[in-house]
2 protein chains.
Amino acid sequence: MVDAAIDLIGEGGLRSMTFVAIGDRAGYSRGLVTARFGSKQGLVDAVIHRVWNRLRELRALPDTHDGSGLESMRTLVEALADHAKNEPGELRALYVMMFAAIAEDDEALADRMRVFHVAMRESITIAFEHGVADGSVRAGVDPAAESLKVTATIRGLAYQWLLEPDRVDLVDALLELSSDLESIYRPLRAERPGAS
Amino acid sequence: MVDAAIDLIGEGGLRSMTFVAIGDRAGYSRGLVTARFGSKQGLVDAVIHRVWNRLRELRALPDTHDGSGLESMRTLVEALADHAKNEPGELRALYVMMFAAIAEDDEALADRMRVFHVAMRESITIAFEHGVADGSVRAGVDPAAESLKVTATIRGLAYQWLLEPDRVDLVDALLELSSDLESIYRPLRAERPGAS
DNA sequence: CACAGTTTAGTTGTCGGCCGACAAGTCGAT
DNA sequence: ATCGACTTGTCGGCCGACAACTAAACTGTG
């Protein structure tokens, strides 16, 4: 049933994830969904937990930052690329929900998405801090400012992927971003897009 | 009435832009809105036209690319910053609609937003092409790939601005992005075209 | 083994709220 | 008297929530 919900979100947005639709797709009837998850909110929570657990497994939200700061940052981006490659449906549902958090007037959803989003950005901030400390990132970069931009690029790539699925290859774009991070921030003399 | 609609979108998302709410806020009653705009779709179109015209005036979607390629690109980003500073409500409504285009299952809205989004990205692509041609941008950059990333950063900054208004200053971030474009893409003395 | 009671999975029925659409009507200025 | 600006009434659709019902599987007991 959660699978059905994820598919539906990916296909038609949060609003098309209706009890009836989920029941139909999962082979049950509408009432059961309510019984299982209690409410719409419960359903959304179930979907979120499912996707987050997968992302954690893939280390896209690393709890421990091993390797150099720059490397752990690249690991995160590449884990996202992995997920985009292996389970695009889940990532699609996640991003649809993230954008729905802004498009719809649902403070509860917005809170949940803020938690996820901020967790990722702070993960990147910490990676920058470690990177500056261990020398894998150029001295002088502002971790907060740069992580804002890197996160922005990630979100924006996902946005374009969802808006123009045929034109934007999220996996490629993320991998390219990962290598950009190397050339931009590694304290050699080379630069590339994203930030200063 | 369009003003009321823009405010409502900015405050509570597209779904809270209801005929009743607009009527209330504009001092009229619900029925008039239908009479004026014909349908919900007509209303959305009216809002879109309003915002786009403003953006065109500010040259955020330049028709002519004057100055060097890199400069016209920076002009575009700075025009966005201008708009974010002067009419944050309009920009907020625009971005809410852009994210709604993904969150809701509304092909008509998605089409309109795609038009806008692609127009901006292609504007940036062209700026890159001019930049490579006139020497204001390093040789070797791929205009399509780089414009994808720059646009992603712009969209992602707007996303974070809407998700965490208190934490993210869109004007600052866009201006910083503009200066980043200079340091990243302006040809220095010796550099190697890394990836991409 | 039989059987009754109970839990569990799943169903249909239905209510209330919200919203878009439209029709009909009101009011005032020219 | 008509026209345009504006209002109220109302219908139909959609959805979430919940209650009431059915059936099947599960349990313990003698």
# chains A, B, ... in the order shown; residues from 1 in each chain; ligands from 1

$ residues_around --residues "DT11 in chain C" --least-positions-apart "2" --cutoff "12 Å" --atoms "only C-alpha atoms (C1' of nucleotides)" --output "list in words"
Gly23, Tyr28, Ser29, Arg30, Gly31, Leu32, Val33 and Ala35 of chain A; DA9 and DG13 of chain C; DA20, DC21, DT22 and DA23 of chain D

$ write_last_selection --atoms "C-alpha atoms (C1' of nucleotides)" --output "mmCIF file, in the first residue's frame"
data_model
loop_
_atom_site.group_PDB
_atom_site.id
_atom_site.type_symbol
_atom_site.label_atom_id
_atom_site.label_comp_id
_atom_site.auth_asym_id
_atom_site.auth_seq_id
_atom_site.Cartn_x
_atom_site.Cartn_y
_atom_site.Cartn_z
ATOM 1 C CA GLY A 23 -7.095 1.075 -2.459
ATOM 2 C CA TYR A 28 -8.043 -3.303 -1.639
ATOM 3 C CA SER A 29 -10.869 -0.989 -0.986
ATOM 4 C CA ARG A 30 -10.826 2.564 0.190
ATOM 5 C CA GLY A 31 -11.840 1.961 3.765
ATOM 6 C CA LEU A 32 -8.862 -0.185 4.573
ATOM 7 C CA VAL A 33 -6.404 2.584 3.985
ATOM 8 C CA ALA A 35 -8.108 1.815 9.009
ATOM 9 C "C1'" DA C 9 -8.639 -8.215 7.669
ATOM 10 C "C1'" DG C 13 -22.605 3.149 3.487
ATOM 11 C "C1'" DA D 20 -21.434 -0.420 10.963
ATOM 12 C "C1'" DC D 21 -21.151 -4.835 8.916
ATOM 13 C "C1'" DT D 22 -19.121 -9.541 7.067
ATOM 14 C "C1'" DA D 23 -16.104 -13.200 6.853
#

$ calpha_fit_rmsd --fixed "chain B" --moving "chain A"
2.2 Å

$ select_by_dssp --residues "range 82-184 of chain B" --states "alpha helix (DSSP H)" --output "PDB file with N, CA and C atoms, in the first residue's frame"
ATOM      1  N   ASP B  82      16.757  42.060  -7.938  1.00  0.00           N
ATOM      2  CA  ASP B  82      15.976  43.299  -7.876  1.00  0.00           C
ATOM      3  C   ASP B  82      14.517  43.007  -7.596  1.00  0.00           C
ATOM      4  N   HIS B  83      13.987  42.105  -8.355  1.00  0.00           N
ATOM      5  CA  HIS B  83      12.576  41.791  -8.205  1.00  0.00           C
ATOM      6  C   HIS B  83      12.302  41.218  -6.829  1.00  0.00           C
ATOM      7  N   ALA B  84      13.214  40.386  -6.366  1.00  0.00           N
ATOM      8  CA  ALA B  84      13.056  39.798  -5.031  1.00  0.00           C
ATOM      9  C   ALA B  84      13.067  40.894  -3.976  1.00  0.00           C
ATOM     10  N   LYS B  85      13.784  41.950  -4.265  1.00  0.00           N
ATOM     11  CA  LYS B  85      13.866  43.035  -3.295  1.00  0.00           C
ATOM     12  C   LYS B  85      12.638  43.930  -3.350  1.00  0.00           C
ATOM     13  N   ASN B  86      12.217  44.260  -4.563  1.00  0.00           N
ATOM     14  CA  ASN B  86      11.144  45.242  -4.713  1.00  0.00           C
ATOM     15  C   ASN B  86       9.745  44.654  -4.629  1.00  0.00           C
ATOM     16  N   PRO B  88       8.741  41.211  -3.552  1.00  0.00           N
ATOM     17  CA  PRO B  88       8.917  39.820  -3.128  1.00  0.00           C
ATOM     18  C   PRO B  88       7.618  39.028  -3.245  1.00  0.00           C
ATOM     19  N   GLY B  89       6.503  39.698  -3.058  1.00  0.00           N
ATOM     20  CA  GLY B  89       5.230  38.990  -3.137  1.00  0.00           C
ATOM     21  C   GLY B  89       4.996  38.370  -4.504  1.00  0.00           C
ATOM     22  N   GLU B  90       5.343  39.119  -5.530  1.00  0.00           N
ATOM     23  CA  GLU B  90       5.125  38.581  -6.874  1.00  0.00           C
ATOM     24  C   GLU B  90       6.033  37.391  -7.145  1.00  0.00           C
ATOM     25  N   LEU B  91       7.277  37.540  -6.732  1.00  0.00           N
ATOM     26  CA  LEU B  91       8.215  36.454  -6.968  1.00  0.00           C
ATOM     27  C   LEU B  91       7.802  35.223  -6.167  1.00  0.00           C
ATOM     28  N   ARG B  92       7.337  35.475  -4.972  1.00  0.00           N
ATOM     29  CA  ARG B  92       6.894  34.365  -4.136  1.00  0.00           C
ATOM     30  C   ARG B  92       5.742  33.618  -4.817  1.00  0.00           C
ATOM     31  N   ALA B  93       4.790  34.380  -5.317  1.00  0.00           N
ATOM     32  CA  ALA B  93       3.659  33.749  -5.996  1.00  0.00           C
ATOM     33  C   ALA B  93       4.135  32.963  -7.210  1.00  0.00           C
ATOM     34  N   LEU B  94       5.058  33.541  -7.956  1.00  0.00           N
ATOM     35  CA  LEU B  94       5.547  32.847  -9.144  1.00  0.00           C
ATOM     36  C   LEU B  94       6.183  31.515  -8.768  1.00  0.00           C
ATOM     37  N   TYR B  95       7.025  31.540  -7.744  1.00  0.00           N
ATOM     38  CA  TYR B  95       7.705  30.302  -7.387  1.00  0.00           C
ATOM     39  C   TYR B  95       6.760  29.297  -6.755  1.00  0.00           C
ATOM     40  N   VAL B  96       5.808  29.784  -6.008  1.00  0.00           N
ATOM     41  CA  VAL B  96       4.807  28.850  -5.493  1.00  0.00           C
ATOM     42  C   VAL B  96       4.107  28.150  -6.653  1.00  0.00           C
ATOM     43  N   MET B  97       3.786  28.908  -7.672  1.00  0.00           N
ATOM     44  CA  MET B  97       3.141  28.290  -8.835  1.00  0.00           C
ATOM     45  C   MET B  97       4.077  27.321  -9.538  1.00  0.00           C
ATOM     46  N   MET B  98       5.350  27.676  -9.588  1.00  0.00           N
ATOM     47  CA  MET B  98       6.289  26.781 -10.249  1.00  0.00           C
ATOM     48  C   MET B  98       6.392  25.449  -9.507  1.00  0.00           C
ATOM     49  N   PHE B  99       6.374  25.518  -8.198  1.00  0.00           N
ATOM     50  CA  PHE B  99       6.457  24.274  -7.442  1.00  0.00           C
ATOM     51  C   PHE B  99       5.118  23.557  -7.469  1.00  0.00           C
ATOM     52  N   ALA B 100       4.057  24.322  -7.517  1.00  0.00           N
ATOM     53  CA  ALA B 100       2.741  23.699  -7.625  1.00  0.00           C
ATOM     54  C   ALA B 100       2.604  22.941  -8.942  1.00  0.00           C
ATOM     55  N   ALA B 101       3.309  23.424  -9.963  1.00  0.00           N
ATOM     56  CA  ALA B 101       3.236  22.763 -11.261  1.00  0.00           C
ATOM     57  C   ALA B 101       3.699  21.319 -11.145  1.00  0.00           C
ATOM     58  N   ILE B 102       4.530  21.054 -10.150  1.00  0.00           N
ATOM     59  CA  ILE B 102       4.998  19.682  -9.951  1.00  0.00           C
ATOM     60  C   ILE B 102       4.161  18.971  -8.908  1.00  0.00           C
ATOM     61  N   ALA B 103       3.764  19.698  -7.904  1.00  0.00           N
ATOM     62  CA  ALA B 103       3.051  19.061  -6.796  1.00  0.00           C
ATOM     63  C   ALA B 103       1.614  18.720  -7.161  1.00  0.00           C
ATOM     64  N   GLU B 107      -1.801  19.648 -15.840  1.00  0.00           N
ATOM     65  CA  GLU B 107      -0.930  19.717 -17.008  1.00  0.00           C
ATOM     66  C   GLU B 107      -0.887  21.130 -17.597  1.00  0.00           C
ATOM     67  N   ALA B 108      -2.010  21.825 -17.525  1.00  0.00           N
ATOM     68  CA  ALA B 108      -2.031  23.180 -18.078  1.00  0.00           C
ATOM     69  C   ALA B 108      -1.063  24.083 -17.315  1.00  0.00           C
ATOM     70  N   LEU B 109      -1.114  24.007 -16.013  1.00  0.00           N
ATOM     71  CA  LEU B 109      -0.196  24.810 -15.207  1.00  0.00           C
ATOM     72  C   LEU B 109       1.247  24.402 -15.466  1.00  0.00           C
ATOM     73  N   ALA B 110       1.473  23.108 -15.527  1.00  0.00           N
ATOM     74  CA  ALA B 110       2.831  22.620 -15.770  1.00  0.00           C
ATOM     75  C   ALA B 110       3.351  23.160 -17.104  1.00  0.00           C
ATOM     76  N   ASP B 111       2.524  23.193 -18.106  1.00  0.00           N
ATOM     77  CA  ASP B 111       2.959  23.714 -19.402  1.00  0.00           C
ATOM     78  C   ASP B 111       3.383  25.169 -19.289  1.00  0.00           C
ATOM     79  N   ARG B 112       2.559  25.966 -18.635  1.00  0.00           N
ATOM     80  CA  ARG B 112       2.889  27.383 -18.524  1.00  0.00           C
ATOM     81  C   ARG B 112       4.195  27.573 -17.784  1.00  0.00           C
ATOM     82  N   MET B 113       4.391  26.815 -16.731  1.00  0.00           N
ATOM     83  CA  MET B 113       5.610  26.974 -15.941  1.00  0.00           C
ATOM     84  C   MET B 113       6.826  26.462 -16.705  1.00  0.00           C
ATOM     85  N   ARG B 114       6.612  25.417 -17.487  1.00  0.00           N
ATOM     86  CA  ARG B 114       7.703  24.912 -18.316  1.00  0.00           C
ATOM     87  C   ARG B 114       8.151  25.991 -19.296  1.00  0.00           C
ATOM     88  N   VAL B 115       7.183  26.673 -19.885  1.00  0.00           N
ATOM     89  CA  VAL B 115       7.518  27.731 -20.829  1.00  0.00           C
ATOM     90  C   VAL B 115       8.404  28.770 -20.153  1.00  0.00           C
ATOM     91  N   PHE B 116       7.981  29.207 -18.994  1.00  0.00           N
ATOM     92  CA  PHE B 116       8.763  30.216 -18.290  1.00  0.00           C
ATOM     93  C   PHE B 116      10.150  29.699 -17.933  1.00  0.00           C
ATOM     94  N   HIS B 117      10.156  28.529 -17.359  1.00  0.00           N
ATOM     95  CA  HIS B 117      11.418  27.972 -16.884  1.00  0.00           C
ATOM     96  C   HIS B 117      12.399  27.758 -18.028  1.00  0.00           C
ATOM     97  N   VAL B 118      11.902  27.169 -19.093  1.00  0.00           N
ATOM     98  CA  VAL B 118      12.780  26.900 -20.228  1.00  0.00           C
ATOM     99  C   VAL B 118      13.250  28.203 -20.858  1.00  0.00           C
ATOM    100  N   ALA B 119      12.375  29.198 -20.888  1.00  0.00           N
ATOM    101  CA  ALA B 119      12.786  30.488 -21.450  1.00  0.00           C
ATOM    102  C   ALA B 119      13.970  31.039 -20.681  1.00  0.00           C
ATOM    103  N   MET B 120      13.910  30.944 -19.363  1.00  0.00           N
ATOM    104  CA  MET B 120      15.016  31.475 -18.584  1.00  0.00           C
ATOM    105  C   MET B 120      16.275  30.650 -18.785  1.00  0.00           C
ATOM    106  N   ARG B 121      16.109  29.358 -18.796  1.00  0.00           N
ATOM    107  CA  ARG B 121      17.310  28.535 -18.950  1.00  0.00           C
ATOM    108  C   ARG B 121      17.954  28.761 -20.303  1.00  0.00           C
ATOM    109  N   GLU B 122      17.110  28.882 -21.319  1.00  0.00           N
ATOM    110  CA  GLU B 122      17.692  29.077 -22.653  1.00  0.00           C
ATOM    111  C   GLU B 122      18.321  30.451 -22.776  1.00  0.00           C
ATOM    112  N   SER B 123      17.750  31.381 -22.058  1.00  0.00           N
ATOM    113  CA  SER B 123      18.366  32.699 -22.027  1.00  0.00           C
ATOM    114  C   SER B 123      19.788  32.586 -21.477  1.00  0.00           C
ATOM    115  N   ILE B 124      19.923  31.762 -20.458  1.00  0.00           N
ATOM    116  CA  ILE B 124      21.247  31.572 -19.866  1.00  0.00           C
ATOM    117  C   ILE B 124      22.153  30.771 -20.800  1.00  0.00           C
ATOM    118  N   THR B 125      21.570  29.791 -21.454  1.00  0.00           N
ATOM    119  CA  THR B 125      22.357  29.022 -22.419  1.00  0.00           C
ATOM    120  C   THR B 125      22.933  29.939 -23.487  1.00  0.00           C
ATOM    121  N   ILE B 126      22.069  30.818 -23.997  1.00  0.00           N
ATOM    122  CA  ILE B 126      22.530  31.739 -25.038  1.00  0.00           C
ATOM    123  C   ILE B 126      23.608  32.658 -24.505  1.00  0.00           C
ATOM    124  N   ALA B 127      23.435  33.098 -23.265  1.00  0.00           N
ATOM    125  CA  ALA B 127      24.457  33.954 -22.678  1.00  0.00           C
ATOM    126  C   ALA B 127      25.784  33.216 -22.605  1.00  0.00           C
ATOM    127  N   PHE B 128      25.726  31.937 -22.263  1.00  0.00           N
ATOM    128  CA  PHE B 128      26.968  31.156 -22.233  1.00  0.00           C
ATOM    129  C   PHE B 128      27.572  31.068 -23.623  1.00  0.00           C
ATOM    130  N   GLU B 129      26.731  30.841 -24.603  1.00  0.00           N
ATOM    131  CA  GLU B 129      27.255  30.725 -25.974  1.00  0.00           C
ATOM    132  C   GLU B 129      27.924  32.026 -26.406  1.00  0.00           C
ATOM    133  N   HIS B 130      27.234  33.127 -26.135  1.00  0.00           N
ATOM    134  CA  HIS B 130      27.842  34.412 -26.467  1.00  0.00           C
ATOM    135  C   HIS B 130      29.133  34.605 -25.695  1.00  0.00           C
ATOM    136  N   GLY B 131      29.080  34.196 -24.440  1.00  0.00           N
ATOM    137  CA  GLY B 131      30.261  34.379 -23.603  1.00  0.00           C
ATOM    138  C   GLY B 131      31.456  33.609 -24.132  1.00  0.00           C
ATOM    139  N   VAL B 132      31.208  32.398 -24.564  1.00  0.00           N
ATOM    140  CA  VAL B 132      32.305  31.610 -25.119  1.00  0.00           C
ATOM    141  C   VAL B 132      32.814  32.274 -26.388  1.00  0.00           C
ATOM    142  N   ALA B 133      31.858  32.800 -27.173  1.00  0.00           N
ATOM    143  CA  ALA B 133      32.241  33.424 -28.441  1.00  0.00           C
ATOM    144  C   ALA B 133      33.022  34.723 -28.213  1.00  0.00           C
ATOM    145  N   ASP B 134      32.562  35.537 -27.270  1.00  0.00           N
ATOM    146  CA  ASP B 134      33.221  36.838 -27.109  1.00  0.00           C
ATOM    147  C   ASP B 134      34.340  36.815 -26.069  1.00  0.00           C
ATOM    148  N   PRO B 143      27.608  25.096 -22.838  1.00  0.00           N
ATOM    149  CA  PRO B 143      26.513  26.012 -22.465  1.00  0.00           C
ATOM    150  C   PRO B 143      25.282  25.285 -21.948  1.00  0.00           C
ATOM    151  N   ALA B 144      24.899  24.189 -22.568  1.00  0.00           N
ATOM    152  CA  ALA B 144      23.693  23.491 -22.121  1.00  0.00           C
ATOM    153  C   ALA B 144      23.865  22.956 -20.709  1.00  0.00           C
ATOM    154  N   ALA B 145      25.003  22.305 -20.463  1.00  0.00           N
ATOM    155  CA  ALA B 145      25.214  21.700 -19.144  1.00  0.00           C
ATOM    156  C   ALA B 145      25.348  22.761 -18.065  1.00  0.00           C
ATOM    157  N   GLU B 146      26.060  23.825 -18.362  1.00  0.00           N
ATOM    158  CA  GLU B 146      26.269  24.842 -17.334  1.00  0.00           C
ATOM    159  C   GLU B 146      24.998  25.634 -17.061  1.00  0.00           C
ATOM    160  N   SER B 147      24.224  25.891 -18.102  1.00  0.00           N
ATOM    161  CA  SER B 147      22.988  26.647 -17.859  1.00  0.00           C
ATOM    162  C   SER B 147      22.019  25.806 -17.041  1.00  0.00           C
ATOM    163  N   LEU B 148      22.060  24.498 -17.223  1.00  0.00           N
ATOM    164  CA  LEU B 148      21.228  23.631 -16.390  1.00  0.00           C
ATOM    165  C   LEU B 148      21.579  23.818 -14.920  1.00  0.00           C
ATOM    166  N   LYS B 149      22.860  23.878 -14.636  1.00  0.00           N
ATOM    167  CA  LYS B 149      23.278  23.981 -13.233  1.00  0.00           C
ATOM    168  C   LYS B 149      23.002  25.366 -12.672  1.00  0.00           C
ATOM    169  N   VAL B 150      23.271  26.370 -13.473  1.00  0.00           N
ATOM    170  CA  VAL B 150      23.017  27.730 -12.966  1.00  0.00           C
ATOM    171  C   VAL B 150      21.522  27.903 -12.686  1.00  0.00           C
ATOM    172  N   THR B 151      20.709  27.443 -13.618  1.00  0.00           N
ATOM    173  CA  THR B 151      19.260  27.534 -13.393  1.00  0.00           C
ATOM    174  C   THR B 151      18.856  26.730 -12.168  1.00  0.00           C
ATOM    175  N   ALA B 152      19.465  25.578 -12.014  1.00  0.00           N
ATOM    176  CA  ALA B 152      19.163  24.758 -10.841  1.00  0.00           C
ATOM    177  C   ALA B 152      19.463  25.538  -9.566  1.00  0.00           C
ATOM    178  N   THR B 153      20.596  26.208  -9.541  1.00  0.00           N
ATOM    179  CA  THR B 153      20.947  26.961  -8.338  1.00  0.00           C
ATOM    180  C   THR B 153      19.919  28.056  -8.070  1.00  0.00           C
ATOM    181  N   ILE B 154      19.510  28.735  -9.112  1.00  0.00           N
ATOM    182  CA  ILE B 154      18.508  29.801  -8.938  1.00  0.00           C
ATOM    183  C   ILE B 154      17.218  29.214  -8.373  1.00  0.00           C
ATOM    184  N   ARG B 155      16.744  28.140  -8.973  1.00  0.00           N
ATOM    185  CA  ARG B 155      15.498  27.535  -8.503  1.00  0.00           C
ATOM    186  C   ARG B 155      15.654  27.032  -7.070  1.00  0.00           C
ATOM    187  N   GLY B 156      16.788  26.430  -6.797  1.00  0.00           N
ATOM    188  CA  GLY B 156      17.004  25.864  -5.469  1.00  0.00           C
ATOM    189  C   GLY B 156      17.118  26.939  -4.398  1.00  0.00           C
ATOM    190  N   LEU B 157      17.691  28.073  -4.755  1.00  0.00           N
ATOM    191  CA  LEU B 157      17.734  29.169  -3.785  1.00  0.00           C
ATOM    192  C   LEU B 157      16.318  29.652  -3.494  1.00  0.00           C
ATOM    193  N   ALA B 158      15.527  29.774  -4.537  1.00  0.00           N
ATOM    194  CA  ALA B 158      14.133  30.194  -4.341  1.00  0.00           C
ATOM    195  C   ALA B 158      13.406  29.168  -3.479  1.00  0.00           C
ATOM    196  N   TYR B 159      13.683  27.909  -3.717  1.00  0.00           N
ATOM    197  CA  TYR B 159      13.029  26.874  -2.916  1.00  0.00           C
ATOM    198  C   TYR B 159      13.334  27.058  -1.433  1.00  0.00           C
ATOM    199  N   GLN B 160      14.583  27.228  -1.151  1.00  0.00           N
ATOM    200  CA  GLN B 160      14.966  27.361   0.253  1.00  0.00           C
ATOM    201  C   GLN B 160      14.426  28.646   0.854  1.00  0.00           C
ATOM    202  N   TRP B 161      14.363  29.663   0.031  1.00  0.00           N
ATOM    203  CA  TRP B 161      13.802  30.935   0.500  1.00  0.00           C
ATOM    204  C   TRP B 161      12.343  30.741   0.915  1.00  0.00           C
ATOM    205  N   LEU B 162      11.613  29.973   0.142  1.00  0.00           N
ATOM    206  CA  LEU B 162      10.208  29.756   0.473  1.00  0.00           C
ATOM    207  C   LEU B 162      10.046  28.794   1.641  1.00  0.00           C
ATOM    208  N   LEU B 163      10.968  27.838   1.727  1.00  0.00           N
ATOM    209  CA  LEU B 163      10.835  26.860   2.804  1.00  0.00           C
ATOM    210  C   LEU B 163      11.269  27.444   4.144  1.00  0.00           C
ATOM    211  N   LEU B 170      17.001  35.770  -0.113  1.00  0.00           N
ATOM    212  CA  LEU B 170      17.118  35.493  -1.539  1.00  0.00           C
ATOM    213  C   LEU B 170      17.915  36.571  -2.266  1.00  0.00           C
ATOM    214  N   VAL B 171      17.729  37.797  -1.858  1.00  0.00           N
ATOM    215  CA  VAL B 171      18.444  38.880  -2.535  1.00  0.00           C
ATOM    216  C   VAL B 171      19.944  38.684  -2.386  1.00  0.00           C
ATOM    217  N   ASP B 172      20.385  38.504  -1.155  1.00  0.00           N
ATOM    218  CA  ASP B 172      21.812  38.282  -0.928  1.00  0.00           C
ATOM    219  C   ASP B 172      22.328  37.089  -1.713  1.00  0.00           C
ATOM    220  N   ALA B 173      21.563  36.010  -1.636  1.00  0.00           N
ATOM    221  CA  ALA B 173      22.034  34.778  -2.265  1.00  0.00           C
ATOM    222  C   ALA B 173      22.168  34.958  -3.774  1.00  0.00           C
ATOM    223  N   LEU B 174      21.225  35.659  -4.375  1.00  0.00           N
ATOM    224  CA  LEU B 174      21.291  35.842  -5.823  1.00  0.00           C
ATOM    225  C   LEU B 174      22.456  36.754  -6.201  1.00  0.00           C
ATOM    226  N   LEU B 175      22.670  37.779  -5.411  1.00  0.00           N
ATOM    227  CA  LEU B 175      23.791  38.661  -5.717  1.00  0.00           C
ATOM    228  C   LEU B 175      25.117  37.918  -5.565  1.00  0.00           C
ATOM    229  N   GLU B 176      25.157  37.079  -4.555  1.00  0.00           N
ATOM    230  CA  GLU B 176      26.377  36.293  -4.377  1.00  0.00           C
ATOM    231  C   GLU B 176      26.576  35.344  -5.562  1.00  0.00           C
ATOM    232  N   LEU B 177      25.463  34.784  -6.003  1.00  0.00           N
ATOM    233  CA  LEU B 177      25.552  33.903  -7.172  1.00  0.00           C
ATOM    234  C   LEU B 177      26.092  34.669  -8.365  1.00  0.00           C
ATOM    235  N   SER B 178      25.610  35.876  -8.528  1.00  0.00           N
ATOM    236  CA  SER B 178      26.081  36.681  -9.646  1.00  0.00           C
ATOM    237  C   SER B 178      27.599  36.869  -9.596  1.00  0.00           C
ATOM    238  N   SER B 179      28.092  37.138  -8.418  1.00  0.00           N
ATOM    239  CA  SER B 179      29.550  37.342  -8.349  1.00  0.00           C
ATOM    240  C   SER B 179      30.285  36.017  -8.502  1.00  0.00           C
ATOM    241  N   ASP B 180      29.649  34.937  -8.072  1.00  0.00           N
ATOM    242  CA  ASP B 180      30.256  33.628  -8.295  1.00  0.00           C
ATOM    243  C   ASP B 180      30.421  33.355  -9.784  1.00  0.00           C
ATOM    244  N   LEU B 181      29.410  33.741 -10.552  1.00  0.00           N
ATOM    245  CA  LEU B 181      29.478  33.492 -11.996  1.00  0.00           C
ATOM    246  C   LEU B 181      30.735  34.119 -12.571  1.00  0.00           C
ATOM    247  N   GLU B 182      31.018  35.322 -12.094  1.00  0.00           N
ATOM    248  CA  GLU B 182      32.228  36.002 -12.532  1.00  0.00           C
ATOM    249  C   GLU B 182      33.465  35.166 -12.218  1.00  0.00           C
ATOM    250  N   SER B 183      33.572  34.748 -10.969  1.00  0.00           N
ATOM    251  CA  SER B 183      34.827  34.078 -10.582  1.00  0.00           C
ATOM    252  C   SER B 183      34.914  32.661 -11.144  1.00  0.00           C
ATOM    253  N   ILE B 184      33.804  32.077 -11.417  1.00  0.00           N
ATOM    254  CA  ILE B 184      33.874  30.713 -11.932  1.00  0.00           C
ATOM    255  C   ILE B 184      34.117  30.678 -13.432  1.00  0.00           C
TER     256      ILE B 184
END

$ interface_residues --of "chain C" --to "chain B" --cutoff "10 Å" --atoms "only C-alpha atoms (C1' of nucleotides)" --output "list in words"
DC19, DG20, DA21 and DC22 of chain C

$ closest_atom_pairs --of "chain D" --to "chain A" --cutoff "9 Å" --atoms "only C-alpha atoms (C1' of nucleotides)" --output "tab-separated table"
residue	atom	partner	partner_atom	distance
D:DC15	C1'	A:Thr18	CA	7.6
D:DG16	C1'	A:Lys40	CA	7.6
D:DA17	C1'	A:Ser39	CA	7.9

$ write_last_selection --atoms "N, CA and C atoms (P, O5', C5', C4', C3', O3' and C1' of nucleotides)" --output "JSON list (two decimals), in the first residue's frame"
[["chain", "number", "residue", "atom", "x", "y", "z"],
["D", 15, "DC", "P", -10.91, 12.86, -5.59],
["D", 15, "DC", "O5'", -10.67, 12.96, -4.04],
["D", 15, "DC", "C5'", -10.40, 14.25, -3.47],
["D", 15, "DC", "C4'", -10.74, 14.25, -2.01],
["D", 15, "DC", "C3'", -10.32, 12.97, -1.27],
["D", 15, "DC", "O3'", -9.37, 13.32, -0.31],
["D", 15, "DC", "C1'", -12.50, 13.68, -0.64],
["D", 16, "DG", "P", -8.45, 12.19, 0.34],
["D", 16, "DG", "O5'", -8.81, 12.35, 1.88],
["D", 16, "DG", "C5'", -8.78, 13.64, 2.46],
["D", 16, "DG", "C4'", -9.55, 13.65, 3.76],
["D", 16, "DG", "C3'", -9.18, 12.55, 4.74],
["D", 16, "DG", "O3'", -9.09, 13.12, 6.03],
["D", 16, "DG", "C1'", -11.50, 12.45, 4.29],
["D", 17, "DA", "P", -8.52, 12.26, 7.26],
["D", 17, "DA", "O5'", -9.86, 11.76, 7.96],
["D", 17, "DA", "C5'", -10.74, 12.74, 8.53],
["D", 17, "DA", "C4'", -12.01, 12.06, 9.00],
["D", 17, "DA", "C3'", -11.77, 10.85, 9.92],
["D", 17, "DA", "O3'", -12.33, 11.14, 11.20],
["D", 17, "DA", "C1'", -13.41, 10.39, 8.22]]

$ residues_around --residues "DG5 in chain C" --least-positions-apart "2" --cutoff "12 Å" --atoms "only C-alpha atoms (C1' of nucleotides)" --output "PyMOL selection string"
(chain C and resi 3+7) or (chain D and resi 26-29)

$ residues_around --residues "range 25-28 of chain C" --least-positions-apart "2" --cutoff "10 Å" --atoms "only C-alpha atoms (C1' of nucleotides)" --output "list in words"
DA23 and DT30 of chain C; DG4, DA5, DC6, DT7, DT8 and DG9 of chain D

$ closest_residue --among "C:DT8, C:DC1, C:DA24, C:DC18" --to "Arg36 in chain A" --atoms "only C-alpha atoms (C1' of nucleotides)"
C:DT8

$ atom_distance --atom1 "CA of Asp105 in chain B" --atom2 "CA of Gly13 in chain A"
5.6 Å

$ residues_around --residues "Val44 in chain A" --least-positions-apart "2" --cutoff "10 Å" --atoms "only C-alpha atoms (C1' of nucleotides)" --output "ChimeraX atom specification"
/A:2,5-6,14,17,37,39-42,46-50,97,109,112

$ write_last_selection --atoms "C-alpha atoms" --output "compact mmCIF listing (two decimals), in the first residue's frame"
# COMPACT_ATOMS: atom_id res chain seq x y z
CA VAL A 2 2.83 2.36 0.71
CA ALA A 5 1.00 5.59 -2.50
CA ILE A 6 4.54 6.33 -3.63
CA LEU A 14 0.16 14.54 -3.54
CA MET A 17 -2.80 10.09 -3.57
CA PHE A 37 -2.99 4.58 8.66
CA SER A 39 -5.60 9.51 8.59
CA LYS A 40 -4.11 11.19 5.62
CA GLN A 41 -1.36 12.54 7.77
CA GLY A 42 -0.52 9.05 8.93
CA ALA A 46 4.42 6.30 6.39
CA VAL A 47 5.56 7.30 2.93
CA ILE A 48 8.13 9.69 4.32
CA HIS A 49 9.54 7.10 6.69
CA ARG A 50 9.87 4.60 3.91
CA MET A 97 6.32 16.10 -1.53
CA LEU A 109 4.02 18.63 5.70
CA ARG A 112 8.59 17.37 7.86
